[in-house]
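*Asks:* The structure's right below; bear with me while I get my questions together.
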Amino acid sequence: MSIPVINTPQDEGYEDPLDLMDEIDELKKEKDASILAHFYVDGDIQDIADFTGDSLKLARDATQVKTSTIVFSGVHFMGESAKIMSPEKRVLIPDMLAGCSLAESCPADQLVAFQEQLRSEGRTFDTVAYINTSAAVKSLCDWIVTSGNAQDIIERVPQDREILFVPDQHLGRYLSEVTGRKMILWPGSCMVHEVFSIQDLIRAKRNTPGSVVIAHPECPQNILEITDFIGGTEKMRRHVMSIDKPTTFLVATESAMIHAFEKSAPQHTFVPVPGIMTSTGETCACNRCPHMARNTLQKVRDCLKNESPEVEWKDYFQKARDVLDRSLLQ
Ligand code: SF4
């Protein structure tokens with residue numbers, strides 16, 4: 001999948017970002033809408049959002065929104081979570097095709113089949129799902145975690161039960177290490193965090209004395225082994241804010257996150273760690289999520305204007321809500 005190309009003034013159909021922002025502002029009032037934007041969408045969208053954050057913060061923010069409409073600028077499962085948490089609200093998403101390679105690596109029917117297989121073997125387990133899963137998968141689980149609260153939740157799973165962790169094998173392995181709990185790991189991964197170049201990271205670290213590596217726990221073990229600070233996006237943001245001395249951070253997560261870092265801690269320099277193109281093995285700046293990049297100012301404007309696409313309530317959302325409630329809100 002290719003990353004959408006950003007329009008330039010020379011391109012046909014180009015629209016000035018400042019005009020778009022004004023138009024969105026007007027539409028927000030007219031349609032009684034609030035915008036929630038994930039840290040991984042373009043900085044322009046983060047700048048006009050009413051709430052920005054990681055998955056956990058935005059899921060909680062969705063319950064605090066006072067307007068009747070939410071525009072969720074992120075990916076599809078996040079729009080579903082917003083709808084689940086605020087069923088009375090209309091939830092719009094700028095692009096229905098903004099999916100997630102991680103969520104797609106764990107289809108609900110395959111999870112059901114695997115759970116049945118484990119039960120038939122007499123195993124007793126809790127299924128713990130990372131929030132990057134479809135609502136259908138969430139409804140099949142006992143707990144939902146984000147990279148921000150995963151450790152706390154895993155400590156709540158009774159010691160006499162096994163843990164089936166889905167869908168991110170790297171986050172699961174990391175959590176297993178920090179909590180000391182053995183886990184059955186689903187073999188999924190994120191296409192962005194999977195491809196960071198270990199060679200480039202080692203070289204950048206060597207060439208920039210005093211630099212600090214910060215990485216998301218969705219990264220593979222070889223990256224985390226040479227990382228100075230591991231955390232979800234909000235945890236990383238708080239960490240860089242807590243350091244006064246100007247520092248160069250080598251950042252191993254989706255590169256749009258740098259916008260949020262620069263706004264929160266302008267005293268530092270942030271350098272994205274390059275990725276490796278899986279097709280050719282060459283290094284590239286492919287650390288942008290192509291799904292998140294589907295969100296553009298034009299699409300935010302259009303979905304407000306057309307009141308579409310909308311996330312519709314499905315029967316299994318109620319079961320997913322019960323799991324989200326006890327996992328995220330307590
Ligand atoms: S960065 Fe990875 S986990 Fe996040 S939405 Fe994109 S594919 Fe999914």
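Residues are named by chain letter and number: chains run A, B, ... in the order of the structure tokens, numbers start at 1 in each chain, and ligands are numbered from 1 in the order shown.
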Among region 118-157 of chain A, which residues does DSSP mark as strand (DSSP E) when it is run on the backbone? Keep the chain and numbering as in the structure and answer as a list in words.
*Replies:*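 Selection result, strand (DSSP E) within region 118-157 of chain A: Phe125, Asp126, Thr127, Val128, Ala129, Tyr130, Trp143, Ile144 and Val145 of chain A.
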*Asks:* Could you save those same residues with C-alpha atoms as a PDB file, in the first residue's frame?
*Replies:*
ATOM      1  CA  PHE A 125      -7.034 -18.729  30.141  1.00  0.00           C
ATOM      2  CA  ASP A 126      -8.000 -15.070  29.898  1.00  0.00           C
ATOM      3  CA  THR A 127      -7.824 -13.473  26.477  1.00  0.00           C
ATOM      4  CA  VAL A 128      -6.105 -10.092  26.692  1.00  0.00           C
ATOM      5  CA  ALA A 129      -6.390  -7.933  23.576  1.00  0.00           C
ATOM      6  CA  TYR A 130      -4.393  -4.885  22.670  1.00  0.00           C
ATOM      7  CA  TRP A 143      -9.494  -7.597  28.880  1.00  0.00           C
ATOM      8  CA  ILE A 144      -8.482  -4.775  26.562  1.00  0.00           C
ATOM      9  CA  VAL A 145      -5.127  -3.075  27.081  1.00  0.00           C
TER      10      VAL A 145
END
*Asks:* May I have the residues within 7 Å of ligand 1, computed using only C-alpha atoms and all ligand atoms, as a list in words?
*Replies:*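 Checking only C-alpha atoms and all ligand atoms against ligand 1 at 7 Å gives Val75, Gly99, Cys100, Ser101, Leu102, Ala103, Asn132, Cys190, Met191, Val192, His193, Glu254, Cys289, Pro290, His291 and Met292 of chain A.
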*Asks:* Kindly export the residues of the current selection with C-alpha atoms, as a compact mmCIF listing (two decimals), in the first residue's frame.
*Replies:*
# COMPACT_ATOMS: atom_id res chain seq x y z
CA VAL A 75 -8.03 4.40 12.04
CA GLY A 99 -7.50 0.17 8.68
CA CYS A 100 -4.64 -1.25 10.72
CA SER A 101 -2.29 -4.09 9.75
CA LEU A 102 -2.17 -5.18 13.37
CA ALA A 103 -5.95 -5.33 13.83
CA ASN A 132 -5.64 -2.29 18.16
CA CYS A 190 2.38 -3.61 13.15
CA MET A 191 3.73 -2.91 9.65
CA VAL A 192 5.29 0.37 10.84
CA HIS A 193 7.02 -0.73 14.04
CA GLU A 254 5.30 6.49 13.71
CA CYS A 289 1.53 4.50 8.82
CA PRO A 290 -0.24 4.41 5.43
CA HIS A 291 -3.58 3.98 7.21
CA MET A 292 -3.11 7.01 9.45
*Asks:* Report as a list in words: the residues of region 135-171 of chain A with a DSSP assignment of helix (DSSP H, G or I), based on the backbone of this structure.
*Replies:*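 Checking each residue of region 135-171 of chain A, the helix (DSSP H, G or I) ones are Ala135, Ala136, Val137, Lys138, Ala150, Gln151, Asp152, Ile153, Ile154, Glu155, Arg156, Gln169, His170 and Leu171 of chain A.
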*Asks:* In Å, with one decimal, what is the gap from CA of Lys319 (chain A) to CA of Thr179 (chain A)?
*Replies:* 27.3 Å
*Asks:* Have a look at A:Ala113, A:Val178, A:Met183, A:Leu36 and name the one nearest to Ile93 (chain A); count only C-alpha atoms.
*Replies:*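 Residue with the minimum atom-to-atom distance to Ile93 (chain A): A:Leu36.
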*Asks:* For region 56-73 of chain A, list every protein, DNA or RNA residue within 9 Å, evaluated using only C-alpha atoms, and leave out those in the same chain fewer than 3 positions away; present the list as a ChimeraX atom specification.
*Replies:* /A:28,31-38,41,45-46,49,51-53,76,78-79,81-83,85-86,88-95,131,145-149,234,292,295-296,300,303-304,328-329
*Asks:* For region 171-176 of chain A, list every protein, DNA or RNA residue within 8 Å, evaluated using only C-alpha atoms, and leave out those in the same chain fewer than 2 positions away; present the list as a list in words.
*Replies:*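 Counting only the stated atoms, we get Ser147, Ala150, Gln151, Phe165, Val166, Asp168, Gln169, Val178, Thr179, Gly180, Arg181, Lys182, Met183, Leu185, Pro217, Glu218, Cys219 and Gln221 of chain A.
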*Asks:* Which residue out of A:Arg161, A:His170, A:Lys299, A:His268 has the minimum interatomic distance to Ile223 (chain A) when only C-alpha atoms are used?
*Replies:* A:His170
*Asks:* Identify, on the basis of only C-alpha atoms, every residue whose closest approach to Leu20 (chain A) does not exceed 8 Å; exclude the query and any residue fewer than 6 positions from it along the same chain; express the result as a PyMOL selection string.
*Replies:* chain A and resi 297-298+301
*Asks:* Which residue out of A:Gln267, A:Trp313, A:Pro209, A:Lys305 has the minimum interatomic distance to Asp25 (chain A) when only C-alpha atoms are used?
*Replies:*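 Nearest candidate to Asp25 (chain A) out of A:Gln267, A:Trp313, A:Pro209, A:Lys305: A:Lys305.
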*Asks:* Quick one: pull the distance between CA of Ser327 (chain A) and CA of Ile153 (chain A), Å, one decimal.
*Replies:*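 Pair CA of Ser327 (chain A) / CA of Ile153 (chain A) returns 7.0 Å.
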*Asks:* Could you tell me which of A:Ser134, A:Asn306, A:Thr233, A:Ser105 comes closest to Ile214 (chain A) if we count only C-alpha atoms?
*Replies:*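 Of A:Ser134, A:Asn306, A:Thr233, A:Ser105, the one nearest Ile214 (chain A), counting only C-alpha atoms, is A:Thr233.
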*Asks:* Got a sec: who's within 8 Å of Arg321 (chain A), counting only C-alpha atoms, leaving out chain neighbours fewer than 2 positions off, as a PyMOL selection string?
*Replies:* chain A and resi 84-85+139+317-319+323-325
*Asks:* Let me see the file: selected residues, N, CA and C atoms, as a tab-separated table (two decimals), in the first residue's frame.
*Replies:*
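Contents of again-v1.tsv, as written:
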chain	number	residue	atom	x	y	z
A	84	ILE	N	-18.48	2.77	20.59
A	84	ILE	CA	-18.81	1.86	21.69
A	84	ILE	C	-18.91	2.62	23.01
A	85	MET	N	-17.97	3.55	23.22
A	85	MET	CA	-17.94	4.29	24.48
A	85	MET	C	-19.01	5.38	24.53
A	139	SER	N	-15.03	-8.07	21.53
A	139	SER	CA	-16.18	-8.71	22.17
A	139	SER	C	-15.88	-10.16	22.57
A	317	PHE	N	-21.22	-4.73	19.76
A	317	PHE	CA	-20.57	-3.59	20.41
A	317	PHE	C	-20.84	-3.58	21.92
A	318	GLN	N	-22.03	-4.08	22.33
A	318	GLN	CA	-22.35	-4.04	23.77
A	318	GLN	C	-21.38	-4.92	24.56
A	319	LYS	N	-21.09	-6.12	24.02
A	319	LYS	CA	-20.14	-7.02	24.73
A	319	LYS	C	-18.75	-6.37	24.75
A	323	VAL	N	-16.28	-5.08	28.12
A	323	VAL	CA	-14.86	-5.38	28.30
A	323	VAL	C	-14.06	-4.07	28.37
A	324	LEU	N	-14.37	-3.13	27.49
A	324	LEU	CA	-13.66	-1.84	27.51
A	324	LEU	C	-13.90	-1.10	28.81
A	325	ASP	N	-15.15	-1.11	29.28
A	325	ASP	CA	-15.49	-0.39	30.52
A	325	ASP	C	-14.63	-0.86	31.68
